$ cat structure_9.csv   # CSV, C-alpha atoms
chain,number,residue,atom,x,y,z
A,1,MET,CA,13.5,48.1,7.8
A,2,LYS,CA,13.0,47.5,4.1
A,3,LYS,CA,16.3,45.7,3.9
A,4,LEU,CA,15.3,43.4,6.9
A,5,LEU,CA,12.0,42.6,5.2
A,6,ALA,CA,13.8,41.8,1.9
A,7,ILE,CA,16.2,39.5,3.7
A,8,ALA,CA,13.4,37.8,5.6
A,9,THR,CA,11.4,37.3,2.4
A,10,ALA,CA,14.4,35.9,0.5
A,11,THR,CA,15.1,33.5,3.4
A,12,VAL,CA,11.5,32.2,3.4
A,13,MET,CA,11.5,31.8,-0.4
A,14,MET,CA,14.9,30.0,-0.2
A,15,LEU,CA,13.8,27.6,2.5
A,16,GLY,CA,10.4,27.0,0.8
A,17,SER,CA,12.1,26.2,-2.5
A,18,GLY,CA,14.6,23.9,-0.8
A,19,LEU,CA,11.8,21.9,0.7
A,20,ALA,CA,9.9,21.6,-2.6
A,21,THR,CA,13.0,20.4,-4.5
A,22,ALA,CA,13.9,17.9,-1.8
A,23,GLY,CA,10.7,16.0,-2.5
A,24,SER,CA,10.2,15.2,1.1
A,25,TYR,CA,6.8,13.8,2.3
A,26,SER,CA,5.4,13.6,5.8
A,27,LYS,CA,4.2,10.3,7.2
A,28,GLN,CA,1.3,8.7,5.2
A,29,LYS,CA,-1.3,6.0,5.9
A,30,VAL,CA,-2.5,4.3,2.8
A,31,ALA,CA,-4.9,1.5,1.9
A,32,TYR,CA,-4.5,0.0,-1.6
A,33,HIS,CA,-7.6,-1.8,-2.8
A,34,VAL,CA,-7.2,-4.9,-5.0
A,35,ASN,CA,-10.4,-6.8,-6.0
A,36,TYR,CA,-9.6,-7.8,-9.6
A,37,ASP,CA,-8.1,-11.0,-11.1
A,38,ASN,CA,-5.8,-9.6,-13.8
A,39,ALA,CA,-2.1,-10.4,-13.5
A,40,LYS,CA,-1.0,-7.4,-15.6
A,41,ARG,CA,-3.1,-5.0,-13.4
A,42,GLN,CA,-2.0,-6.7,-10.2
A,43,GLY,CA,1.7,-6.4,-11.3
A,44,GLY,CA,1.0,-2.7,-12.0
A,45,ALA,CA,-0.4,-2.2,-8.6
A,46,MET,CA,2.7,-3.7,-7.0
A,47,ARG,CA,4.9,-1.4,-9.1
A,48,ASN,CA,2.8,1.5,-7.9
A,49,ILE,CA,3.3,0.5,-4.3
A,50,GLN,CA,7.0,0.1,-4.7
A,51,ASN,CA,7.2,3.5,-6.4
A,52,HIS,CA,5.2,4.9,-3.5
A,53,ILE,CA,7.6,3.5,-1.0
A,54,ASN,CA,10.6,4.7,-3.0
A,55,ALA,CA,9.2,8.3,-3.0
A,56,VAL,CA,8.0,8.5,0.6
A,57,GLY,CA,10.3,6.0,2.4
A,58,ALA,CA,9.2,2.8,4.1
A,59,GLU,CA,9.8,4.5,7.5
A,60,ASN,CA,7.2,7.1,6.6
A,61,LEU,CA,4.4,4.7,5.5
A,62,ASP,CA,1.8,2.6,7.1
A,63,LEU,CA,0.7,0.9,3.9
A,64,ARG,CA,-1.8,-1.9,3.6
A,65,ILE,CA,-3.0,-3.9,0.6
A,66,ILE,CA,-6.6,-5.0,1.1
A,67,MET,CA,-7.7,-8.0,-1.1
A,68,HIS,CA,-11.2,-9.4,-1.5
A,69,GLY,CA,-13.2,-11.1,-4.2
A,70,LYS,CA,-11.1,-11.8,-7.3
A,71,GLY,CA,-8.2,-9.8,-5.8
A,72,VAL,CA,-7.2,-12.7,-3.6
A,73,SER,CA,-5.8,-14.4,-6.7
A,74,LEU,CA,-2.7,-12.2,-6.2
A,75,LEU,CA,-1.7,-14.6,-3.4
A,76,MET,CA,-3.1,-17.9,-4.8
A,77,LYS,CA,-0.3,-20.5,-5.0
A,78,ALA,CA,-2.1,-22.2,-8.0
A,79,ASN,CA,-1.8,-18.9,-10.0
A,80,SER,CA,1.5,-17.8,-8.6
A,81,ASP,CA,4.5,-17.0,-10.6
A,82,ALA,CA,7.8,-16.6,-8.9
A,83,ASN,CA,7.9,-12.9,-9.8
A,84,PHE,CA,4.8,-12.1,-7.8
A,85,GLU,CA,6.0,-14.1,-4.8
A,86,SER,CA,9.3,-12.3,-4.8
A,87,LYS,CA,7.5,-8.9,-5.0
A,88,VAL,CA,5.3,-9.9,-2.1
A,89,VAL,CA,8.3,-10.9,-0.1
A,90,SER,CA,10.0,-7.6,-1.0
A,91,LEU,CA,7.0,-5.5,-0.1
A,92,LYS,CA,6.5,-7.3,3.2
A,93,SER,CA,10.2,-6.6,4.0
A,94,GLN,CA,9.4,-2.9,3.6
A,95,ASN,CA,6.5,-3.2,6.2
A,96,VAL,CA,3.7,-3.5,3.7
A,97,ALA,CA,0.8,-5.5,5.2
A,98,PHE,CA,-1.3,-7.8,2.9
A,99,LYS,CA,-4.8,-8.2,4.3
A,100,VAL,CA,-7.2,-10.9,3.0
A,101,CYS,CA,-11.0,-10.9,3.3
A,102,LYS,CA,-12.4,-13.8,5.4
A,103,ASN,CA,-15.7,-13.6,3.6
A,104,THR,CA,-13.9,-14.3,0.3
A,105,LEU,CA,-12.0,-17.2,1.7
A,106,ARG,CA,-15.2,-18.8,3.1
A,107,GLY,CA,-17.2,-18.1,-0.1
A,108,LYS,CA,-14.6,-19.4,-2.5
A,109,LYS,CA,-13.6,-22.3,-0.1
A,110,ILE,CA,-10.0,-21.1,0.0
A,111,ASP,CA,-7.7,-22.5,2.8
A,112,TYR,CA,-5.2,-19.7,3.5
A,113,LYS,CA,-2.8,-22.2,5.0
A,114,THR,CA,-2.5,-24.4,1.8
A,115,ASP,CA,-3.9,-22.2,-1.0
A,116,LEU,CA,-2.3,-18.8,-0.4
A,117,PHE,CA,1.3,-17.7,-0.4
A,118,ASP,CA,2.7,-16.4,2.9
A,119,VAL,CA,-0.6,-15.6,4.6
A,120,ALA,CA,-1.0,-15.9,8.4
A,121,GLU,CA,-4.2,-15.9,10.4
A,122,SER,CA,-3.3,-12.3,11.5
A,123,ASP,CA,-3.4,-11.3,7.8
A,124,ILE,CA,-7.1,-12.1,7.6
A,125,VAL,CA,-9.8,-9.4,8.2
A,126,PRO,CA,-13.5,-10.2,8.6
A,127,SER,CA,-14.5,-8.2,5.5
A,128,GLY,CA,-12.4,-6.5,2.9
A,129,VAL,CA,-14.8,-3.7,2.2
A,130,ALA,CA,-15.4,-3.1,6.0
A,131,GLU,CA,-11.7,-3.0,6.5
A,132,LEU,CA,-11.3,-0.4,3.8
A,133,ALA,CA,-14.1,1.8,5.4
A,134,HIS,CA,-12.5,1.3,8.8
A,135,LEU,CA,-9.1,2.4,7.6
A,136,GLN,CA,-10.6,5.4,5.8
A,137,GLN,CA,-12.2,6.4,9.1
A,138,LYS,CA,-8.8,6.2,10.7
A,139,GLY,CA,-7.4,8.6,8.2
A,140,PHE,CA,-5.9,6.2,5.6
A,141,ALA,CA,-5.9,7.4,2.0
A,142,TYR,CA,-7.7,5.1,-0.4
A,143,ILE,CA,-6.0,4.1,-3.6
A,144,ARG,CA,-7.4,1.6,-6.2
A,145,PRO,CA,-4.7,1.1,-8.9

$ encode --input "structure_9.csv" --output "structure tokens"
Amino acid sequence: MKKLLAIATATVMMLGSGLATAGSYSKQKVAYHVNYDNAKRQGGAMRNIQNHINAVGAENLDLRIIMHGKGVSLLMKANSDANFESKVVSLKSQNVAFKVCKNTLRGKKIDYKTDLFDVAESDIVPSGVAELAHLQQKGFAYIRP
């Protein structure tokens, strides 16, 4: 009996350590909050998001970037640099959703069709902060890099 218990314990420990070293993650729902106009910080946020995808796997993520206020500058064509545009395209190809606050667009008189890079009507949410609260209620983790 002691031998059987020892084998069972060793097996559980081996399986547990194998899972820990594999670095596997379960499915995640995550909302990244961007409301600042700082290219260095926005670039850092996009690197964080790519690192997140690399660790968890795009197939295991429902990841959304919610932008409002000054954060909309991330997608402004007037401020764009080709590096951000390519990062946006890359993240979108990995199923990252970029959501833009309608209140910000209205308040800053931004036309998403002409002023923003690669934004469709379906990417616009009524309120950035309300969207963040809604996603948190649905179990999304909140990250503000």

$ closest_residue --input "structure_9.csv" --among "A:Ala97, A:Leu74, A:Val125, A:Ala133" --to "Gly44 in chain A" --atoms "all atoms listed in the file"
A:Leu74

$ atom_distance --input "structure_9.csv" --atom1 "CA of Asn35 in chain A" --atom2 "CA of Glu59 in chain A"
26.8 Å

$ atom_distance --input "structure_9.csv" --atom1 "CA of Lys77 in chain A" --atom2 "CA of Thr114 in chain A"
8.1 Å

$ residues_near_point --input "structure_9.csv" --point "(-4.4, -8.8, 11.0)" --cutoff "9 Å" --atoms "only C-alpha atoms" --output "JSON, numbers by chain"
{"A": [97, 98, 99, 100, 120, 121, 122, 123, 124, 125]}

$ closest_residue --input "structure_9.csv" --among "A:Arg41, A:His52, A:Lys29, A:Lys138" --to "Ser73 in chain A" --atoms "all atoms listed in the file"
A:Arg41

$ atom_distance --input "structure_9.csv" --atom1 "CA of Gly71 in chain A" --atom2 "CA of Val56 in chain A"
25.3 Å

$ residues_around --input "structure_9.csv" --residues "Val96 in chain A" --least-positions-apart "3" --cutoff "12 Å" --atoms "all atoms listed in the file" --output "number ranges by chain"
A: 29-32, 46, 49-50, 52-53, 57-66, 87-93, 99, 123

$ write_last_selection --input "structure_9.csv" --atoms "C-alpha atoms" --output "PDB file, keeping the file's coordinate frame"
ATOM      1  CA  LYS A  29      -1.300   6.000   5.900  1.00  0.00           C
ATOM      2  CA  VAL A  30      -2.500   4.300   2.800  1.00  0.00           C
ATOM      3  CA  ALA A  31      -4.900   1.500   1.900  1.00  0.00           C
ATOM      4  CA  TYR A  32      -4.500   0.000  -1.600  1.00  0.00           C
ATOM      5  CA  MET A  46       2.700  -3.700  -7.000  1.00  0.00           C
ATOM      6  CA  ILE A  49       3.300   0.500  -4.300  1.00  0.00           C
ATOM      7  CA  GLN A  50       7.000   0.100  -4.700  1.00  0.00           C
ATOM      8  CA  HIS A  52       5.200   4.900  -3.500  1.00  0.00           C
ATOM      9  CA  ILE A  53       7.600   3.500  -1.000  1.00  0.00           C
ATOM     10  CA  GLY A  57      10.300   6.000   2.400  1.00  0.00           C
ATOM     11  CA  ALA A  58       9.200   2.800   4.100  1.00  0.00           C
ATOM     12  CA  GLU A  59       9.800   4.500   7.500  1.00  0.00           C
ATOM     13  CA  ASN A  60       7.200   7.100   6.600  1.00  0.00           C
ATOM     14  CA  LEU A  61       4.400   4.700   5.500  1.00  0.00           C
ATOM     15  CA  ASP A  62       1.800   2.600   7.100  1.00  0.00           C
ATOM     16  CA  LEU A  63       0.700   0.900   3.900  1.00  0.00           C
ATOM     17  CA  ARG A  64      -1.800  -1.900   3.600  1.00  0.00           C
ATOM     18  CA  ILE A  65      -3.000  -3.900   0.600  1.00  0.00           C
ATOM     19  CA  ILE A  66      -6.600  -5.000   1.100  1.00  0.00           C
ATOM     20  CA  LYS A  87       7.500  -8.900  -5.000  1.00  0.00           C
ATOM     21  CA  VAL A  88       5.300  -9.900  -2.100  1.00  0.00           C
ATOM     22  CA  VAL A  89       8.300 -10.900  -0.100  1.00  0.00           C
ATOM     23  CA  SER A  90      10.000  -7.600  -1.000  1.00  0.00           C
ATOM     24  CA  LEU A  91       7.000  -5.500  -0.100  1.00  0.00           C
ATOM     25  CA  LYS A  92       6.500  -7.300   3.200  1.00  0.00           C
ATOM     26  CA  SER A  93      10.200  -6.600   4.000  1.00  0.00           C
ATOM     27  CA  LYS A  99      -4.800  -8.200   4.300  1.00  0.00           C
ATOM     28  CA  ASP A 123      -3.400 -11.300   7.800  1.00  0.00           C
TER      29      ASP A 123
END

$ closest_residue --input "structure_9.csv" --among "A:Asn83, A:Leu105, A:Val129, A:Ser24" --to "Arg47 in chain A" --atoms "only C-alpha atoms"
A:Asn83
